[in-house]
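Novice: work.txt is reproduced below (compact mmCIF, C-alpha atoms).
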# COMPACT_ATOMS: atom_id res chain seq x y z
CA MET A 30 59.61 265.87 225.46
CA THR A 31 60.89 268.98 227.21
CA LEU A 32 58.76 271.83 228.46
CA ILE A 33 60.10 274.25 225.89
CA GLU A 34 58.82 271.99 223.11
CA LEU A 35 55.30 272.44 224.49
CA ILE A 36 55.38 276.20 224.98
CA ARG A 37 54.71 278.07 221.76
CA GLU A 38 53.35 281.58 221.31
CA ASP A 39 49.96 280.25 220.18
CA VAL A 40 49.32 278.47 223.49
CA VAL A 41 50.21 281.40 225.73
CA LYS A 42 47.70 284.05 226.85
CA VAL A 43 48.94 287.30 228.39
CA PRO A 44 47.02 288.70 230.16
CA LEU A 45 44.17 286.41 231.12
CA LYS A 46 40.90 288.35 231.23
CA SER A 47 39.09 285.96 233.55
CA LYS A 48 38.18 286.85 237.10
CA THR A 49 37.24 283.38 238.34
CA LYS A 50 38.96 280.00 238.36
CA HIS A 51 36.49 278.27 236.07
CA ASP A 52 36.56 281.16 233.61
CA ALA A 53 40.37 281.02 233.58
CA PHE A 54 40.27 277.29 232.78
CA ARG A 55 37.78 277.94 229.98
CA GLU A 56 39.89 280.82 228.65
CA LEU A 57 42.96 278.59 228.46
CA LEU A 58 40.97 275.81 226.81
CA GLU A 59 39.79 278.34 224.24
CA VAL A 60 43.46 279.14 223.57
CA LEU A 61 44.11 275.44 222.96
CA LYS A 62 41.05 275.16 220.75
CA ASN A 63 42.15 278.17 218.66
CA ALA A 64 45.62 276.63 218.36
CA GLY A 65 44.01 273.46 217.00
CA LYS A 66 45.15 271.36 219.96
CA ILE A 67 41.69 270.28 221.12
CA SER A 68 38.25 270.20 219.55
CA ASN A 69 35.81 269.54 222.39
CA SER A 70 36.77 271.96 225.14
CA GLU A 71 33.67 271.16 227.21
CA VAL A 72 34.70 267.52 227.75
CA VAL A 73 38.19 268.63 228.76
CA PHE A 74 36.80 271.33 231.06
CA HIS A 75 34.83 268.71 233.00
CA ALA A 76 37.88 266.45 233.30
CA ILE A 77 39.88 269.36 234.74
CA ILE A 78 37.13 270.40 237.13
CA GLU A 79 36.67 266.82 238.29
CA ARG A 80 40.34 266.67 239.27
CA ASP A 81 40.36 270.18 240.75
CA ASP A 82 37.35 269.37 242.93
CA GLN A 83 39.33 266.65 244.71
CA LEU A 84 42.17 269.00 245.67
CA SER A 85 42.73 272.45 244.27
CA THR A 86 45.31 272.46 241.48
CA ALA A 87 46.31 275.97 242.58
CA ILE A 88 49.44 275.18 244.53
CA GLU A 89 51.67 277.81 246.13
CA ASN A 90 53.34 281.07 245.20
CA GLY A 91 50.69 282.10 242.68
CA ILE A 92 51.05 278.98 240.53
CA ALA A 93 48.08 276.94 239.28
CA LEU A 94 48.55 273.61 237.53
CA PRO A 95 45.18 272.40 236.29
CA HIS A 96 45.71 269.05 234.61
CA ALA A 97 43.83 266.01 233.37
CA LYS A 98 44.11 262.88 231.32
CA THR A 99 41.82 262.95 228.34
CA THR A 100 41.29 261.12 225.08
CA GLU A 101 40.66 264.53 223.49
CA VAL A 102 44.42 264.83 222.90
CA ASP A 103 46.82 262.35 221.35
CA ARG A 104 49.92 263.98 222.76
CA LEU A 105 50.89 266.20 225.67
CA VAL A 106 49.36 269.68 225.37
CA LEU A 107 50.07 272.76 227.48
CA ALA A 108 48.53 276.23 227.73
CA VAL A 109 50.06 279.04 229.77
CA GLY A 110 48.21 282.07 231.08
CA ILE A 111 49.24 285.05 233.16
CA SER A 112 46.82 286.96 235.35
CA PRO A 113 48.56 290.07 236.74
CA ALA A 114 45.60 290.83 239.01
CA GLY A 115 45.41 287.27 240.31
CA ILE A 116 42.46 284.90 240.62
CA GLU A 117 41.03 283.25 243.73
CA CYS A 118 41.51 279.52 243.15
CA SER A 119 41.53 278.13 246.73
CA SER A 120 45.29 277.74 246.56
CA HIS A 121 47.22 275.71 249.14
CA ASP A 122 48.83 278.82 250.62
CA GLY A 123 45.73 281.01 250.38
CA GLU A 124 47.33 283.36 247.83
CA LEU A 125 45.77 284.43 244.55
CA SER A 126 46.89 282.48 241.46
CA HIS A 127 48.72 284.48 238.79
CA ILE A 128 50.53 281.94 236.60
CA PHE A 129 48.49 279.13 235.07
CA PHE A 130 49.85 276.02 233.37
CA LEU A 131 47.02 273.91 231.99
CA LEU A 132 48.32 270.49 231.01
CA LEU A 133 46.46 267.74 229.16
CA ALA A 134 47.76 264.27 228.46
CA PRO A 135 46.36 261.25 226.66
CA PRO A 136 45.64 258.34 229.02
CA ASP A 137 48.57 256.29 227.71
CA GLN A 138 51.25 258.92 228.32
CA SER A 139 51.66 258.96 232.07
CA GLY A 140 55.47 259.19 231.87
CA PRO A 141 55.63 262.41 229.80
CA HIS A 142 52.74 263.84 231.87
CA ILE A 143 54.71 263.35 235.09
CA GLU A 144 57.90 264.73 233.56
CA ALA A 145 56.15 267.87 232.33
CA LEU A 146 54.50 268.54 235.70
CA SER A 147 57.85 267.98 237.46
CA GLU A 148 59.58 270.34 235.10
CA ILE A 149 56.99 273.08 235.66
CA SER A 150 57.20 272.53 239.40
CA ARG A 151 61.00 272.84 239.36
CA ALA A 152 61.08 275.86 237.06
CA THR A 153 58.56 277.82 239.10
CA LYS A 154 60.30 277.21 242.43
CA SER A 155 62.52 280.19 241.62
CA SER A 156 60.94 283.43 242.88
CA ALA A 157 63.00 285.43 240.35
CA PHE A 158 61.62 283.32 237.50
CA ARG A 159 58.07 283.73 238.78
CA ARG A 160 58.53 287.50 238.94
CA LEU A 161 59.80 287.55 235.36
CA LEU A 162 56.84 285.45 234.17
CA LEU A 163 54.43 287.75 235.95
CA ALA A 164 56.04 290.85 234.47
CA SER A 165 55.80 289.50 230.92
CA GLN A 166 53.73 291.55 228.52
CA SER A 167 53.42 289.11 225.65
CA ALA A 168 53.42 285.44 224.65
CA ASP A 169 56.81 285.95 222.95
CA GLU A 170 58.35 287.06 226.23
CA ILE A 171 57.03 283.99 228.04
CA VAL A 172 58.46 281.66 225.41
CA GLU A 173 61.81 283.47 225.54
CA LEU A 174 61.92 283.18 229.31
CA PHE A 175 61.55 279.42 229.16
CA CYS A 176 64.28 279.22 226.52
CA ASP A 177 66.63 281.33 228.64
CA GLU A 178 65.82 279.70 231.96
CA MET B 14 93.09 239.69 224.87
CA SER B 15 89.62 239.18 226.29
CA ASN B 16 86.58 240.99 224.99
CA ILE B 17 86.94 244.64 226.03
CA ILE B 18 83.16 245.01 226.05
CA GLU B 19 81.82 242.02 227.92
CA ARG B 20 78.68 243.56 229.37
CA VAL B 21 76.48 246.17 227.69
CA LEU B 22 73.59 247.99 229.36
CA VAL B 23 70.98 249.80 227.28
CA TYR B 24 68.70 252.37 228.90
CA LEU B 25 65.09 252.23 227.72
CA ASP B 26 62.64 255.04 228.40
CA GLY B 27 59.93 254.23 225.90
CA SER B 28 61.10 256.83 223.40
CA GLU B 29 61.75 256.07 219.73
CA GLU B 30 65.39 256.99 220.36
CA SER B 31 65.73 254.35 223.07
CA ILE B 32 64.32 251.66 220.76
CA ILE B 33 66.97 252.57 218.18
CA ALA B 34 69.57 252.39 220.96
CA ALA B 35 68.28 248.91 221.83
CA GLN B 36 68.68 247.79 218.20
CA TYR B 37 72.23 249.11 218.17
CA ALA B 38 73.05 247.39 221.48
CA VAL B 39 71.64 244.10 220.17
CA SER B 40 73.76 244.35 217.00
CA LEU B 41 76.82 245.22 219.04
CA CYS B 42 76.36 242.35 221.51
CA ARG B 43 75.70 239.90 218.70
CA THR B 44 78.92 241.00 216.94
CA LEU B 45 81.09 241.05 220.06
CA ASN B 46 79.39 238.14 221.77
CA SER B 47 78.75 240.36 224.80
CA GLN B 48 76.12 239.98 227.50
CA LEU B 49 73.22 242.41 226.97
CA TYR B 50 71.26 244.05 229.76
CA GLY B 51 68.28 246.34 229.26
CA THR B 52 66.69 248.49 231.89
CA PHE B 53 63.57 250.59 232.31
CA ILE B 54 63.52 252.76 235.40
CA VAL B 55 60.17 253.87 236.78
CA ASN B 56 60.81 257.43 237.85
CA THR B 57 59.17 257.21 241.27
CA HIS B 58 61.33 260.14 242.38
CA ALA B 59 59.41 262.56 240.14
CA LEU B 60 56.13 260.98 241.22
CA ASN B 61 56.94 261.39 244.91
CA ASP B 62 57.96 265.02 244.33
CA LEU B 63 54.59 265.75 242.76
CA VAL B 64 52.80 264.26 245.75
CA LYS B 65 55.02 266.20 248.18
CA SER B 66 54.28 269.42 246.30
CA ARG B 67 50.58 268.50 246.45
CA ILE B 68 50.35 268.67 242.68
CA PHE B 69 49.22 265.04 242.70
CA ILE B 70 46.70 263.53 245.05
CA GLU B 71 47.10 260.02 246.44
CA SER B 72 44.74 258.40 243.94
CA GLU B 73 46.70 260.00 241.08
CA GLN B 74 49.96 258.74 242.51
CA LYS B 75 48.60 255.17 242.60
CA GLU B 76 47.11 255.43 239.12
CA TYR B 77 50.27 256.89 237.56
CA GLN B 78 52.54 254.45 239.37
CA ARG B 79 50.48 251.57 237.98
CA ASP B 80 50.63 253.09 234.48
CA LEU B 81 54.40 253.48 234.70
CA GLU B 82 54.87 249.92 235.91
CA GLU B 83 52.79 248.66 233.00
CA ASP B 84 54.83 250.82 230.60
CA ALA B 85 58.03 249.34 232.03
CA ASP B 86 56.79 245.78 231.48
CA LYS B 87 55.64 246.61 227.96
CA TYR B 88 58.91 248.25 226.91
CA LEU B 89 61.03 245.50 228.45
CA ARG B 90 58.98 242.84 226.64
CA ASN B 91 59.49 244.75 223.41
CA PHE B 92 63.23 244.99 224.10
CA GLU B 93 63.42 241.27 224.75
CA GLU B 94 61.73 240.56 221.41
CA ILE B 95 64.17 242.88 219.61
CA ALA B 96 67.09 240.96 221.11
CA VAL B 97 65.74 237.41 220.83
CA ASP B 98 64.84 238.02 217.18
CA LYS B 99 68.56 238.36 216.52
CA GLY B 100 69.63 235.46 218.71
CA VAL B 101 70.73 237.55 221.67
CA ALA B 102 69.50 236.53 225.13
CA PRO B 103 69.14 239.72 227.17
CA GLU B 104 68.69 240.26 230.86
CA CYS B 105 65.80 242.64 231.56
CA ILE B 106 65.93 244.78 234.66
CA LYS B 107 62.97 246.78 235.96
CA GLU B 108 63.99 249.36 238.52
CA SER B 109 62.44 252.35 240.23
CA GLY B 110 63.90 255.57 241.61
CA LEU B 111 65.89 258.45 240.20
CA VAL B 112 67.02 257.41 236.74
CA HIS B 113 70.64 258.61 236.66
CA ILE B 114 71.33 257.32 240.17
CA LYS B 115 69.87 253.90 239.38
CA LEU B 116 71.88 253.67 236.16
CA LYS B 117 75.05 254.47 238.06
CA GLU B 118 74.25 251.76 240.62
CA MET B 119 73.49 249.20 237.92
CA VAL B 120 76.71 249.92 236.04
CA ARG B 121 78.59 249.18 239.25
CA SER B 122 76.66 246.13 240.39
CA PHE B 123 76.66 244.38 236.99
CA ASN B 124 80.21 245.46 236.08
CA ILE B 125 78.91 247.08 232.91
CA ASP B 126 81.58 248.02 230.37
CA LEU B 127 79.40 250.16 228.13
CA LEU B 128 76.16 252.08 228.65
CA VAL B 129 74.15 252.60 225.47
CA ILE B 130 71.60 255.42 225.35
CA GLY B 131 69.42 256.94 222.66
CA GLU B 132 70.12 260.23 220.95
CA LEU B 133 69.71 263.13 223.37
CA SER B 134 67.19 265.82 222.61
CA ARG B 135 68.64 269.18 221.71
CA ILE B 136 69.46 271.30 224.75
CA ARG B 137 67.29 274.39 224.50
CA SER B 138 67.58 275.75 228.01
CA ARG B 139 69.90 275.46 230.98
CA ARG B 140 67.14 273.56 232.72
CA ASP B 141 67.32 270.82 230.06
CA GLU B 142 70.99 270.40 230.73
CA PHE B 143 70.54 270.17 234.49
CA TYR B 144 67.56 267.88 234.61
CA ASN B 145 67.64 265.63 231.56
CA GLU B 146 68.11 262.18 233.09
CA SER B 147 70.02 260.71 230.13
CA GLU B 148 72.32 263.72 230.16
CA ARG B 149 72.93 263.28 233.89
CA ALA B 150 73.52 259.54 233.50
CA MET B 151 76.00 260.18 230.71
CA ARG B 152 77.99 262.49 232.98
CA ASN B 153 77.79 260.35 236.11
CA VAL B 154 78.19 256.69 235.21
CA PRO B 155 81.68 255.25 235.76
CA CYS B 156 81.78 253.37 232.43
CA SER B 157 82.04 254.46 228.82
CA VAL B 158 78.86 255.71 227.20
CA LEU B 159 77.71 255.26 223.63
CA ILE B 160 75.03 257.59 222.26
CA VAL B 161 73.27 256.07 219.30
CA LYS B 162 72.61 258.41 216.38
CA ASP B 163 71.75 257.80 212.74
CA GLU B 164 68.49 255.92 213.03
CA GLU B 165 68.51 254.71 209.41
CA ARG B 166 71.98 253.21 209.59
CA THR B 167 71.24 251.56 212.92
CA GLU B 168 68.04 250.01 211.59
CA ASN B 169 69.88 248.76 208.52
CA ILE B 170 72.59 247.15 210.65
CA TYR B 171 69.97 245.55 212.88
CA GLU B 172 67.81 244.32 210.00
CA SER B 173 70.79 242.89 208.13
CA MET B 174 71.66 240.57 211.01
CA GLU B 175 70.51 237.06 210.15
Output the file's structure as structure tokens, nothing else.
Specialist:
Amino acid sequence: MTLIELIREDVVKVPLKSKTKHDAFRELLEVLKNAGKISNSEVVFHAIIERDDQLSTAIENGIALPHAKTTEVDRLVLAVGISPAGIECSSHDGELSHIFFLLLAPPDQSGPHIEALSEISRATKSSAFRRLLLASQSADEIVELFCDE
Amino acid sequence: MSNIIERVLVYLDGSEESIIAAQYAVSLCRTLNSQLYGTFIVNTHALNDLVKSRIFIESEQKEYQRDLEEDADKYLRNFEEIAVDKGVAPECIKESGLVHIKLKEMVRSFNIDLLVIGELSRIRSRRDEFYNESERAMRNVPCSVLIVKDEERTENIYESME
């Protein structure tokens, strides 16, 4: 499964309204719930927080990659959110996080989970691509960017 | 003239497409009396990259590595059953590393005549083209490559083999 197959307009939120890390995670989980991808967002929230507490999933260059394995999904699920103002997430480089990719995988799909995280990591290494994502005004634009990239 | 396809390697990645490719490779080897090899490559390269980028923590790396190893064993067992069911004795190879590089090495070391891979997913971005491991293997291996399409026909061929 390629990244573009996971990114649809209904799982993208632009802009994120949240001001804190936990609120941003909840906002993205709400997006997934509304898209019919998950039913119990509270269980998933705790799985994500549990992982994030071990080492912040906010990496570098404004990217955050909260992720977890959960039985709440039966296939790989992704939500994307853009916060133009940025959110303090204890990132590895100390910068605010602007671009969020929240990824959930069922416990028996480690291979696709790794591939999706690798693909996000590779795609967001480009500063030009990150700038374009951050400048996006709508979910459609985000989806188009991934198709064009 | 000797058999022009003496050794066939099929690449398994756990996808439905790779299982169809395995069925095709079994049918082909049975018909041509060729030696069949099947491989599953644990993509430790991607795993190591995630650790280096600090996307994964050490405990995740261990957990995912174990999961991938178990997947490899499971898919190779399944492949063996698919082959043995049709009277073909395959050689199963579990490898780890970067998929397209490992396939290239295997083709050379086993003198593979034909690499069989499952249908490629549709290219929807330039990134797909650059990073899809089957796509990269197809372009890089020194032998001929067969991409198996038409799932229904392949299954019919496989099932019709006594």
Novice: Hey, which bits of chain A sit within 9 Å of chain B, and for each residue what's the closest pair of atoms and how far apart in Å (one decimal), counting only C-alpha atoms, rows by chain and increasing number, as a tab-separated table?
Specialist:
residue	atom	partner	partner_atom	distance
A:Met30	CA	B:Ser134	CA	8.1
A:Thr31	CA	B:Asp141	CA	7.3
A:Leu32	CA	B:Asp141	CA	8.8
A:Ile33	CA	B:Arg137	CA	7.3
A:Glu34	CA	B:Arg137	CA	8.9
A:Gln83	CA	B:Ile70	CA	8.0
A:Leu84	CA	B:Ile70	CA	7.1
A:Ser85	CA	B:Ile68	CA	8.7
A:Thr86	CA	B:Ile68	CA	6.4
A:Ala87	CA	B:Ile68	CA	8.3
A:Ile88	CA	B:Ile68	CA	6.8
A:Glu89	CA	B:Ser66	CA	8.8
A:Leu94	CA	B:Ile68	CA	7.4
A:His121	CA	B:Arg67	CA	8.4
A:Asp137	CA	B:Asp80	CA	7.8
A:Gln138	CA	B:Asp80	CA	8.5
A:Ser139	CA	B:Tyr77	CA	6.0
A:Gly140	CA	B:Leu81	CA	6.5
A:Ile143	CA	B:Leu60	CA	6.7
A:Glu144	CA	B:Ala59	CA	7.1
A:Leu146	CA	B:Leu63	CA	7.6
A:Ser147	CA	B:Ala59	CA	6.2
A:Glu148	CA	B:Tyr144	CA	8.4
A:Ser150	CA	B:Leu63	CA	8.0
A:Ala152	CA	B:Arg140	CA	7.8
A:Phe175	CA	B:Ser138	CA	7.2
A:Cys176	CA	B:Ser138	CA	5.0
A:Asp177	CA	B:Ser138	CA	5.7
A:Glu178	CA	B:Ser138	CA	5.9
Novice: Using Å and a single decimal, report how far CA of Gly91 (chain A) sits from CA of Ile116 (chain A).
Specialist: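 Distance between the two atoms: 8.9 Å.
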Novice: Enter the distance from CA of Thr49 (chain A) to CA of Glu117 (chain A), in Å, rounded to one decimal.
Specialist: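 It comes out at 6.6 Å.
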Novice: Report as JSON lines: every residue of region 28-145 of chain B with an atom at most 8 Å from region 149-158 of chain B, its closest pair of atoms, and their distance in Å to one decimal, counting all atoms listed in the file, with rows sorted by chain and ascending residue number.
Specialist:
{"residue": "B:Val112", "atom": "CA", "partner": "B:Ala150", "partner_atom": "CA", "distance": 7.6}
{"residue": "B:His113", "atom": "CA", "partner": "B:Ala150", "partner_atom": "CA", "distance": 4.4}
{"residue": "B:Ile114", "atom": "CA", "partner": "B:Ala150", "partner_atom": "CA", "distance": 7.4}
{"residue": "B:Leu116", "atom": "CA", "partner": "B:Ala150", "partner_atom": "CA", "distance": 6.6}
{"residue": "B:Lys117", "atom": "CA", "partner": "B:Val154", "partner_atom": "CA", "distance": 4.8}
{"residue": "B:Val120", "atom": "CA", "partner": "B:Val154", "partner_atom": "CA", "distance": 7.0}
{"residue": "B:Arg121", "atom": "CA", "partner": "B:Pro155", "partner_atom": "CA", "distance": 7.7}
{"residue": "B:Ile125", "atom": "CA", "partner": "B:Cys156", "partner_atom": "CA", "distance": 6.9}
{"residue": "B:Asp126", "atom": "CA", "partner": "B:Cys156", "partner_atom": "CA", "distance": 5.7}
{"residue": "B:Leu127", "atom": "CA", "partner": "B:Ser157", "partner_atom": "CA", "distance": 5.1}
{"residue": "B:Leu128", "atom": "CA", "partner": "B:Val158", "partner_atom": "CA", "distance": 4.8}
{"residue": "B:Val129", "atom": "CA", "partner": "B:Val158", "partner_atom": "CA", "distance": 5.9}
{"residue": "B:Ile130", "atom": "CA", "partner": "B:Val158", "partner_atom": "CA", "distance": 7.5}
{"residue": "B:Phe143", "atom": "CA", "partner": "B:Arg149", "partner_atom": "CA", "distance": 7.3}
{"residue": "B:Tyr144", "atom": "CA", "partner": "B:Arg149", "partner_atom": "CA", "distance": 7.1}
{"residue": "B:Asn145", "atom": "CA", "partner": "B:Arg149", "partner_atom": "CA", "distance": 6.2}
Novice: Restricting the calculation to all atoms listed in the file, which member of A:Asp169, A:Asp39, A:Glu71, A:Glu56 is positioned closest to Glu101 (chain A)?
Specialist: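 Result for the nearest residue to Glu101 (chain A): A:Glu71.
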Novice: Need to verify the contact set: Phe129 (chain A), 7 Å, all atoms listed in the file, exclusion of same-chain residues closer than 6 positions in sequence. Can you return it as a VMD selection string?
Specialist: chain A and resid 92 to 94 109 to 111
Novice: What lies within 9 Å of Cys105 (chain B) using all atoms listed in the file, ignoring chain neighbours under 3 positions off, as a list in words?
Specialist: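 My list of contacting residues is Leu49, Tyr50, Gly51, Thr52, Phe53, Leu89, Arg90, Phe92 and Glu93 of chain B.
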Novice: Kindly provide, as a PDB file with C-alpha atoms, in the coordinates of the input, the polymer residues lying within 6 Å of (38.5, 277.1, 239.3), counting only C-alpha atoms and using the coordinates exactly as they appear in the file.
Specialist:
ATOM      1  CA  LYS A  50      38.960 280.000 238.360  1.00  0.00           C
ATOM      2  CA  HIS A  51      36.490 278.270 236.070  1.00  0.00           C
ATOM      3  CA  CYS A 118      41.510 279.520 243.150  1.00  0.00           C
TER       4      CYS A 118
END
Novice: Rounded to one decimal place, report the CA of Glu94 (chain B)-CA of Tyr171 (chain B) distance in Å.
Specialist: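 So the answer is 12.9 Å.
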Novice: From the set B:Leu41, B:Leu133, B:Ile106, B:Met119, which residue has the shortest atom-to-atom contact distance to Glu29 (chain B), counting all atoms listed in the file?
Specialist: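 Ranking B:Leu41, B:Leu133, B:Ile106, B:Met119 by distance to Glu29 (chain B), first place goes to B:Leu133.
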Novice: Please give the centre and size of the box around region 131-135 of chain B (axis-aligned, containing every atom listed in the file, 5 Å added per side), with values in Å to one decimal and written as JSON.
Specialist:
{"center_x": 68.7, "center_y": 263.1, "center_z": 222.2, "size_x": 12.9, "size_y": 22.2, "size_z": 12.4}
Novice: Which is closer to Glu173 (chain A) than all the others in A:Leu105, A:Ile36, A:Leu45, A:Ala97, using all atoms listed in the file?
Specialist: A:Ile36
Novice: Could region 80-91 of chain B be completed with N, CA and C atoms and returned as a compact mmCIF listing (two decimals), in the frame of the given file?
Specialist:
# COMPACT_ATOMS: atom_id res chain seq x y z
N ASP B 80 50.40 252.86 235.92
CA ASP B 80 50.63 253.09 234.48
C ASP B 80 52.11 252.94 234.13
N LEU B 81 52.96 253.52 234.98
CA LEU B 81 54.40 253.48 234.70
C LEU B 81 54.96 252.06 234.79
N GLU B 82 54.43 251.32 235.77
CA GLU B 82 54.87 249.92 235.91
C GLU B 82 54.47 249.12 234.67
N GLU B 83 53.26 249.37 234.20
CA GLU B 83 52.79 248.66 233.00
C GLU B 83 53.63 249.04 231.78
N ASP B 84 53.97 250.34 231.70
CA ASP B 84 54.83 250.82 230.60
C ASP B 84 56.17 250.08 230.64
N ALA B 85 56.73 249.99 231.86
CA ALA B 85 58.03 249.34 232.03
C ALA B 85 57.97 247.91 231.52
N ASP B 86 56.93 247.18 231.92
CA ASP B 86 56.79 245.78 231.48
C ASP B 86 56.67 245.70 229.96
N LYS B 87 55.87 246.62 229.41
CA LYS B 87 55.64 246.61 227.96
C LYS B 87 56.95 246.87 227.20
N TYR B 88 57.68 247.89 227.63
CA TYR B 88 58.91 248.25 226.91
C TYR B 88 60.00 247.19 227.08
N LEU B 89 60.03 246.56 228.25
CA LEU B 89 61.03 245.50 228.45
C LEU B 89 60.69 244.26 227.63
N ARG B 90 59.40 243.97 227.50
CA ARG B 90 58.98 242.84 226.64
C ARG B 90 59.38 243.12 225.20
N ASN B 91 59.15 244.35 224.78
CA ASN B 91 59.49 244.75 223.41
C ASN B 91 61.00 244.65 223.18
